[in-house]
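Chemist: Sharing final.cif below, mmCIF, C-alpha atoms and all ligand atoms:
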```cif
data_start
loop_
_atom_site.label_atom_id
_atom_site.label_comp_id
_atom_site.auth_asym_id
_atom_site.auth_seq_id
_atom_site.Cartn_x
_atom_site.Cartn_y
_atom_site.Cartn_z
CA MET C 1 7.61 10.44 16.09
CA ASP C 2 5.42 13.08 17.71
CA ALA C 3 3.50 15.04 15.04
CA ARG C 4 3.36 18.04 17.38
CA LEU C 5 7.12 18.53 17.09
CA PRO C 6 8.03 21.65 15.14
CA ILE C 7 9.03 21.90 11.51
CA ALA C 8 12.48 23.49 11.50
CA VAL C 9 13.10 26.17 8.89
CA PHE C 10 16.72 27.11 8.31
CA ASP C 11 18.38 29.91 6.37
CA SER C 12 21.68 31.79 6.50
CA GLY C 13 19.64 34.69 7.88
CA MET C 14 16.11 36.05 7.73
CA GLY C 15 15.38 35.23 4.07
CA GLY C 16 13.88 31.87 4.97
CA VAL C 17 11.03 33.81 6.54
CA SER C 18 9.62 34.07 2.99
CA VAL C 19 9.39 30.25 3.09
CA LEU C 20 8.04 30.24 6.65
CA ARG C 21 5.35 32.69 5.48
CA ALA C 22 4.19 30.26 2.78
CA LEU C 23 4.33 27.31 5.19
CA ARG C 24 2.20 29.17 7.74
CA ALA C 25 -0.34 30.08 5.05
CA LEU C 26 -0.71 26.43 3.99
CA LEU C 27 -0.08 24.67 7.31
CA PRO C 28 -1.20 27.07 10.04
CA ARG C 29 -1.63 24.37 12.68
CA GLU C 30 2.00 23.34 12.58
CA ASN C 31 4.56 24.42 15.13
CA TYR C 32 7.71 25.98 13.67
CA LEU C 33 11.26 26.52 14.79
CA TYR C 34 12.94 29.20 12.67
CA PHE C 35 16.73 29.37 12.77
CA GLY C 36 18.59 32.17 11.01
CA ASP C 37 22.38 32.07 11.02
CA SER C 38 22.68 35.84 10.71
CA ALA C 39 25.97 35.93 12.66
CA ASN C 40 27.57 33.99 9.79
CA ALA C 41 25.63 35.52 6.89
CA PRO C 42 25.98 36.00 4.03
CA TYR C 43 26.65 32.41 2.98
CA GLY C 44 26.41 33.15 -0.74
CA VAL C 45 29.88 34.69 -1.05
CA ARG C 46 31.65 32.03 1.04
CA PRO C 47 33.66 29.07 -0.29
CA TYR C 48 31.65 25.85 -0.57
CA ASP C 49 33.46 24.07 2.29
CA GLU C 50 32.51 26.87 4.69
CA ILE C 51 28.86 26.82 3.55
CA LEU C 52 28.82 23.07 4.07
CA ALA C 53 30.37 23.29 7.55
CA LEU C 54 27.95 26.03 8.66
CA SER C 55 24.95 24.10 7.26
CA ARG C 56 25.98 20.89 9.01
CA ALA C 57 26.37 22.69 12.33
CA ALA C 58 22.96 24.38 11.99
CA VAL C 59 21.21 21.13 11.09
CA ALA C 60 22.89 19.24 13.95
CA HIS C 61 21.65 21.95 16.29
CA LEU C 62 18.08 21.78 14.93
CA VAL C 63 17.97 17.98 15.06
CA GLY C 64 19.18 18.21 18.66
CA GLU C 65 16.31 20.58 19.49
CA GLY C 66 13.78 17.98 18.30
CA THR C 67 12.14 18.50 14.93
CA LYS C 68 9.96 16.30 12.72
CA ALA C 69 11.10 17.81 9.41
CA LEU C 70 13.64 20.27 8.09
CA VAL C 71 12.83 22.88 5.48
CA VAL C 72 15.98 24.36 4.00
CA GLY C 73 14.73 27.88 3.29
CA CYS C 74 17.91 28.78 1.43
CA ASN C 75 18.89 28.24 -2.20
CA THR C 76 22.57 28.53 -1.35
CA VAL C 77 22.49 25.78 1.29
CA THR C 78 20.39 23.61 -1.01
CA SER C 79 22.81 24.06 -3.86
CA VAL C 80 25.95 23.36 -1.86
CA ALA C 81 24.95 21.11 1.03
CA VAL C 82 21.58 19.39 0.69
CA LYS C 83 22.94 16.13 -0.76
CA THR C 84 25.31 15.77 2.20
CA LEU C 85 22.64 16.80 4.72
CA ARG C 86 20.28 14.15 3.31
CA ALA C 87 22.99 11.47 3.36
CA GLU C 88 23.91 12.33 6.95
CA ASN C 89 20.31 12.48 8.23
CA PRO C 90 18.60 9.57 6.46
CA GLY C 91 15.60 9.42 8.85
CA LEU C 92 14.75 13.11 8.56
CA ILE C 93 12.28 14.62 6.08
CA ILE C 94 14.26 17.35 4.31
CA VAL C 95 12.51 19.71 1.91
CA ALA C 96 14.76 22.07 0.01
CA THR C 97 14.66 25.20 -2.14
CA GLU C 98 15.76 25.73 -5.72
CA PRO C 99 15.34 28.66 -8.11
CA ALA C 100 11.95 28.43 -9.88
CA VAL C 101 13.51 28.28 -13.38
CA LYS C 102 11.21 25.46 -14.54
CA PRO C 103 7.88 27.20 -13.82
CA ALA C 104 9.24 30.45 -15.29
CA ALA C 105 10.39 28.70 -18.51
CA LEU C 106 7.10 26.84 -18.88
CA ALA C 107 5.00 29.95 -18.22
CA LYS C 108 6.50 31.96 -21.07
CA PRO C 109 8.24 29.81 -23.71
CA GLY C 110 10.85 31.84 -25.56
CA GLY C 111 10.74 34.59 -22.93
CA THR C 112 13.63 36.23 -21.15
CA ILE C 113 14.09 35.10 -17.56
CA LEU C 114 16.31 37.03 -15.20
CA VAL C 115 17.55 34.75 -12.42
CA MET C 116 18.63 36.67 -9.33
CA ALA C 117 20.61 34.56 -6.86
CA THR C 118 23.76 34.43 -4.78
CA ASP C 119 27.18 33.77 -6.33
CA ALA C 120 27.28 30.29 -4.78
CA THR C 121 23.88 29.39 -6.27
CA VAL C 122 24.53 30.61 -9.83
CA HIS C 123 27.89 28.84 -9.94
CA GLY C 124 26.59 25.60 -8.43
CA ASP C 125 25.93 22.35 -10.32
CA ASN C 126 22.19 22.40 -9.53
CA PHE C 127 21.75 25.73 -11.21
CA LEU C 128 23.90 24.79 -14.19
CA SER C 129 21.77 21.70 -14.73
CA LEU C 130 18.60 23.84 -14.60
CA VAL C 131 20.08 26.12 -17.26
CA HIS C 132 20.94 23.04 -19.28
CA ARG C 133 17.42 21.66 -19.05
CA TYR C 134 15.47 24.85 -19.71
CA GLY C 135 17.98 27.00 -21.60
CA ASP C 136 16.43 25.98 -24.94
CA ASP C 137 12.92 26.98 -23.82
CA ALA C 138 13.81 30.47 -22.65
CA LYS C 139 16.64 32.98 -22.57
CA ILE C 140 18.09 32.67 -19.08
CA VAL C 141 20.11 35.64 -17.83
CA GLN C 142 22.07 34.97 -14.66
CA CYS C 143 22.24 37.85 -12.25
CA PRO C 144 24.37 37.21 -9.16
CA CYS C 145 23.46 39.76 -6.48
CA PRO C 146 26.20 39.95 -3.85
CA GLY C 147 25.20 42.53 -1.26
CA LEU C 148 21.45 42.30 -1.82
CA MET C 149 20.61 40.04 1.11
CA GLU C 150 22.28 42.56 3.41
CA PHE C 151 19.57 45.12 2.58
CA VAL C 152 16.94 42.68 3.86
CA GLU C 153 19.00 41.69 6.91
CA ARG C 154 19.00 45.31 8.00
CA GLY C 155 15.29 45.68 7.32
CA GLU C 156 15.77 47.90 4.26
CA THR C 157 13.18 46.43 1.87
CA ASP C 158 12.84 49.56 -0.27
CA SER C 159 14.94 52.72 -0.51
CA ASP C 160 16.70 54.89 -3.08
CA ALA C 161 19.95 53.04 -2.33
CA LEU C 162 18.28 49.67 -2.93
CA ARG C 163 16.75 50.79 -6.23
CA ALA C 164 20.14 52.18 -7.33
CA TYR C 165 21.74 48.83 -6.43
CA LEU C 166 19.11 46.96 -8.49
CA ARG C 167 19.47 49.28 -11.50
CA LYS C 168 23.20 48.58 -11.47
CA ARG C 169 22.68 44.77 -11.30
CA PHE C 170 20.08 44.88 -14.07
CA GLU C 171 22.59 46.47 -16.46
CA ILE C 172 23.43 42.82 -17.20
CA LEU C 173 20.26 42.83 -19.34
CA GLY C 174 21.81 45.34 -21.72
CA GLY C 175 18.64 47.41 -21.76
CA ALA C 176 16.31 44.47 -22.54
CA LYS C 177 13.23 43.98 -20.43
CA PRO C 178 12.78 40.51 -18.92
CA ASP C 179 9.40 38.77 -19.01
CA SER C 180 10.00 37.25 -15.64
CA VAL C 181 12.33 37.30 -12.69
CA VAL C 182 13.22 34.19 -10.72
CA LEU C 183 13.81 35.09 -7.09
CA GLY C 184 16.64 32.60 -6.55
CA CYS C 185 17.45 33.64 -3.00
CA THR C 186 14.86 33.51 -0.24
CA HIS C 187 15.71 37.04 0.86
CA TYR C 188 14.63 38.53 -2.47
CA PRO C 189 10.82 38.19 -2.23
CA PHE C 190 11.04 40.90 0.43
CA VAL C 191 12.39 43.37 -2.14
CA SER C 192 9.76 42.48 -4.78
CA GLY C 193 8.29 46.00 -4.63
CA ALA C 194 11.65 47.59 -5.43
CA ILE C 195 12.32 45.06 -8.24
CA ARG C 196 8.94 45.89 -9.81
CA ALA C 197 9.54 49.61 -9.37
CA VAL C 198 12.78 49.29 -11.37
CA LEU C 199 11.74 46.73 -14.02
CA GLY C 200 8.07 47.64 -14.42
CA GLU C 201 4.90 46.47 -12.69
CA ASP C 202 4.13 43.97 -15.47
CA VAL C 203 7.19 41.77 -14.85
CA THR C 204 6.24 38.36 -13.40
CA LEU C 205 8.15 37.35 -10.28
CA PHE C 206 8.67 33.67 -9.39
CA ASP C 207 9.00 32.89 -5.69
CA PRO C 208 9.50 29.18 -4.95
CA ALA C 209 8.04 29.42 -1.42
CA PRO C 210 4.43 28.27 -2.15
CA GLY C 211 5.78 25.20 -4.01
CA ILE C 212 8.09 24.37 -1.10
CA ALA C 213 5.15 24.60 1.30
CA ARG C 214 3.10 22.21 -0.88
CA GLN C 215 6.02 19.79 -1.00
CA ALA C 216 6.39 19.92 2.79
CA LYS C 217 2.69 19.20 3.19
CA ARG C 218 2.89 16.20 0.82
CA ARG C 219 5.91 14.76 2.64
CA LEU C 220 4.38 15.21 6.10
CA ALA C 221 1.03 13.80 5.00
CA ALA C 222 2.73 10.75 3.45
CA ALA C 223 4.59 10.14 6.72
CA GLY C 224 1.42 10.65 8.82
CA LEU C 225 3.08 13.60 10.52
CA LEU C 226 0.67 16.50 9.95
CA ASN C 227 -0.09 18.09 13.31
CA PRO C 228 -3.57 16.90 14.36
CA GLN C 229 -3.93 19.69 16.93
CA ALA C 230 -6.67 22.28 16.43
CA GLY C 231 -5.83 25.98 16.41
CA GLU C 232 -2.82 27.92 15.23
CA GLY C 233 0.62 26.52 15.95
CA GLU C 234 3.52 28.40 17.52
CA ILE C 235 6.70 29.84 16.05
CA ARG C 236 9.92 29.64 18.04
CA TRP C 237 12.58 32.03 16.77
CA GLU C 238 16.31 31.44 17.05
CA ASN C 239 19.17 33.41 15.58
CA SER C 240 22.93 33.01 15.91
CA SER C 241 23.33 36.79 16.08
CA THR C 242 23.24 38.36 19.54
CA ASP C 243 21.29 41.30 18.11
CA PRO C 244 17.72 40.93 19.46
CA GLY C 245 16.58 43.06 16.51
CA MET C 246 16.96 40.02 14.22
CA ILE C 247 13.99 38.24 15.80
CA GLU C 248 11.93 41.43 15.61
CA LEU C 249 12.87 41.70 11.95
CA GLY C 250 11.73 38.11 11.38
CA LYS C 251 8.33 38.84 12.89
CA LYS C 252 8.00 41.96 10.76
CA LEU C 253 8.99 40.15 7.55
CA LEU C 254 6.51 37.38 8.31
CA LEU C 255 3.67 39.88 8.17
CA MET C 256 4.87 41.58 4.97
CA GLU C 257 2.48 41.17 2.00
N1 LIG C 301 18.76 33.32 1.60
C1 LIG C 301 19.85 32.67 0.98
C2 LIG C 301 19.46 31.97 -0.32
O1 LIG C 301 18.32 31.63 -0.53
C3 LIG C 301 21.22 33.19 0.92
C4 LIG C 301 21.67 34.51 1.36
C5 LIG C 301 23.14 34.48 1.71
O2 LIG C 301 23.43 34.10 2.83
O3 LIG C 301 23.97 34.82 0.87
O4 LIG C 301 20.29 31.69 -1.15
#
```
Render the structure in this file as structure tokens.

Modeler:
Amino acid sequence: MDARLPIAVFDSGMGGVSVLRALRALLPRENYLYFGDSANAPYGVRPYDEILALSRAAVAHLVGEGTKALVVGCNTVTSVAVKTLRAENPGLIIVATEPAVKPAALAKPGGTILVMATDATVHGDNFLSLVHRYGDDAKIVQCPCPGLMEFVERGETDSDALRAYLRKRFEILGGAKPDSVVLGCTHYPFVSGAIRAVLGEDVTLFDPAPGIARQAKRRLAAAGLLNPQAGEGEIRWENSSTDPGMIELGKKLLLME
């Protein structure tokens, strides 16, 4: 396989750009193909069979484009579809995303962890098994956030309306202050500023993206597929939405601190 082929990064929309951002920081020489399925987003409120069908179609498209590895930059797709995607694409390196419950539980034993994620993720088996494994080490509060990814998809990463939305969701804490927040949807790192503004600057946020990038690097290195080319690689953007603004949004999110 040609090591100059792109790494495909896939999400239901533009959230996977938070993963692309970490990949670019660690592996700047790689070429990337980013596919956001914004026309069909959000995935997180859909039935599992629809999420699976959309994920299969997106991956078939990306494999057809020519890619050396797939990074699923979406917790929802990982939770619902990654087992099937791996079984159906046995030759393909697939790196996936899961809520960073383990690092959060280990960082602050006995602490309160607020896990923000989509409905599909918090009700999925993967998440339930994480709660099972780490629920004795920390108090895990599940906070499904339907409607939150839409703020990011329209480029609204902080506003009064967004903070009001977050305050409403955080009522689930019953007034308690969490020690940490697990960003269990790849869209949510882009609203970190608003989350901190509502919960306090001292709350620790856990974004899985740097860990995903390290895992991708390990897998590519083990397969001898790191791009040997000098200089910065390219990013090719694709989106299922006909709105050209989605690609512009992706480029803007990529540069967000
Ligand atoms: N970015 C996605 C995730 O990580 C999901 C957003 C959605 O489509 O609901 O779960």

Chemist: When you look at Met256 (chain C) with a cut-off of 9 Å (counting only C-alpha atoms), what residues show up, excluding the ones that are within fewer than 3 positions of it in the same chain? I need them as a ChimeraX atom specification.

Modeler: /C:21,190,252-253

Chemist: Give the answer as one residue: which of C:Leu148, C:Val131, C:Val95, C:Ala3 has the shortest atom-to-atom distance to ligand LIG 301 (chain C), using all atoms listed in the file?

Modeler: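 Going through C:Leu148, C:Val131, C:Val95, C:Ala3 one by one, the smallest distance to ligand LIG 301 (chain C) is for C:Leu148.
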
Chemist: In Å, with one decimal, what is the gap from CA of Ile94 (chain C) to CA of Val71 (chain C)?

Modeler: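 CA of Ile94 (chain C) sits 5.8 Å away from CA of Val71 (chain C).
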
Chemist: As a JSON list (two decimals) with C-alpha atoms, keeping the file's coordinate frame, please: the residues near Asp136 (chain C) (cut-off 12 Å, all atoms listed in the file, same-chain neighbours under 2 positions excluded).

Modeler:
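The file below, around_11.json, is the result:
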```json
[["chain", "number", "residue", "atom", "x", "y", "z"],
["C", 102, "LYS", "CA", 11.21, 25.46, -14.54],
["C", 105, "ALA", "CA", 10.39, 28.70, -18.51],
["C", 106, "LEU", "CA", 7.10, 26.84, -18.88],
["C", 109, "PRO", "CA", 8.24, 29.81, -23.71],
["C", 110, "GLY", "CA", 10.85, 31.84, -25.56],
["C", 111, "GLY", "CA", 10.74, 34.59, -22.93],
["C", 112, "THR", "CA", 13.63, 36.23, -21.15],
["C", 113, "ILE", "CA", 14.09, 35.10, -17.56],
["C", 130, "LEU", "CA", 18.60, 23.84, -14.60],
["C", 131, "VAL", "CA", 20.08, 26.12, -17.26],
["C", 132, "HIS", "CA", 20.94, 23.04, -19.28],
["C", 133, "ARG", "CA", 17.42, 21.66, -19.05],
["C", 134, "TYR", "CA", 15.47, 24.85, -19.71],
["C", 138, "ALA", "CA", 13.81, 30.47, -22.65],
["C", 139, "LYS", "CA", 16.64, 32.98, -22.57],
["C", 140, "ILE", "CA", 18.09, 32.67, -19.08]]
```

Chemist: Around (7.3, 24.8, 14.6) in the file's frame, which residues reach within 10 Å when counting only C-alpha atoms? Return as a PyMOL selection string?

Modeler: chain C and resi 4-9+20+24+28-34+67-69+233-237

Chemist: Please work out which residues fall within 7 Å of (13.2, 37.1, 0.7), coordinates as given in the file, with only C-alpha atoms counting, and return them as a PyMOL selection string.

Modeler: chain C and resi 15-16+18+185-191

Chemist: Counting only C-alpha atoms, figure out which residue out of C:Leu249, C:Val45, C:Ile93, C:Ala53 gets nearest to Ala223 (chain C).

Modeler: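 Of C:Leu249, C:Val45, C:Ile93, C:Ala53, the one nearest Ala223 (chain C) is C:Ile93, counting only C-alpha atoms.
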
Chemist: Can I get the residues of chain C within 10 Å of ligand LIG 301 (chain C), each with the closest pair of atoms and their distance in Å to one decimal, using all atoms listed in the file, sorted chain first then ascending number, as CSV?

Modeler:
```
residue,atom,partner,partner_atom,distance
C:Phe10,CA,C:LIG301,N1,9.4
C:Asp11,CA,C:LIG301,N1,5.9
C:Ser12,CA,C:LIG301,O2,4.7
C:Gly13,CA,C:LIG301,O2,6.3
C:Met14,CA,C:LIG301,N1,7.2
C:Gly15,CA,C:LIG301,N1,4.6
C:Gly16,CA,C:LIG301,N1,6.1
C:Val17,CA,C:LIG301,N1,9.2
C:Ser18,CA,C:LIG301,N1,9.3
C:Val19,CA,C:LIG301,O1,9.7
C:Gly36,CA,C:LIG301,N1,9.5
C:Asp37,CA,C:LIG301,O2,8.5
C:Ser38,CA,C:LIG301,O2,8.1
C:Asn40,CA,C:LIG301,O2,8.1
C:Ala41,CA,C:LIG301,O2,4.8
C:Pro42,CA,C:LIG301,O2,3.4
C:Tyr43,CA,C:LIG301,O2,3.6
C:Gly44,CA,C:LIG301,O3,3.4
C:Val45,CA,C:LIG301,O3,6.2
C:Arg46,CA,C:LIG301,O3,8.2
C:Ile51,CA,C:LIG301,O2,9.1
C:Val72,CA,C:LIG301,O1,8.9
C:Gly73,CA,C:LIG301,O1,6.4
C:Cys74,CA,C:LIG301,O1,3.5
C:Asn75,CA,C:LIG301,O1,3.8
C:Thr76,CA,C:LIG301,O4,3.9
C:Val77,CA,C:LIG301,O4,6.8
C:Thr78,CA,C:LIG301,O4,8.1
C:Ser79,CA,C:LIG301,O4,8.5
C:Thr97,CA,C:LIG301,O1,7.6
C:Glu98,CA,C:LIG301,O1,8.3
C:Pro99,CA,C:LIG301,O1,8.7
C:Met116,CA,C:LIG301,O4,9.7
C:Ala117,CA,C:LIG301,O4,6.4
C:Thr118,CA,C:LIG301,O3,5.7
C:Asp119,CA,C:LIG301,O3,8.0
C:Ala120,CA,C:LIG301,O3,8.0
C:Thr121,CA,C:LIG301,O4,6.7
C:Val122,CA,C:LIG301,O4,9.7
C:Cys145,CA,C:LIG301,O3,8.9
C:Pro146,CA,C:LIG301,O3,7.3
C:Gly147,CA,C:LIG301,O3,8.1
C:Leu148,CA,C:LIG301,O3,8.3
C:Met149,CA,C:LIG301,C4,5.6
C:Glu150,CA,C:LIG301,C5,8.3
C:Val152,CA,C:LIG301,C4,9.8
C:Glu153,CA,C:LIG301,C4,9.5
C:Leu183,CA,C:LIG301,O1,8.7
C:Gly184,CA,C:LIG301,O1,6.3
C:Cys185,CA,C:LIG301,O1,3.3
C:Thr186,CA,C:LIG301,O1,3.9
C:His187,CA,C:LIG301,N1,4.9
C:Tyr188,CA,C:LIG301,N1,7.8
```

Chemist: Suppose you want the space between CA of Glu201 (chain C) and CA of Lys251 (chain C); what is it in Å?

Modeler: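 Rounded to one decimal, the two atoms are 26.9 Å apart.
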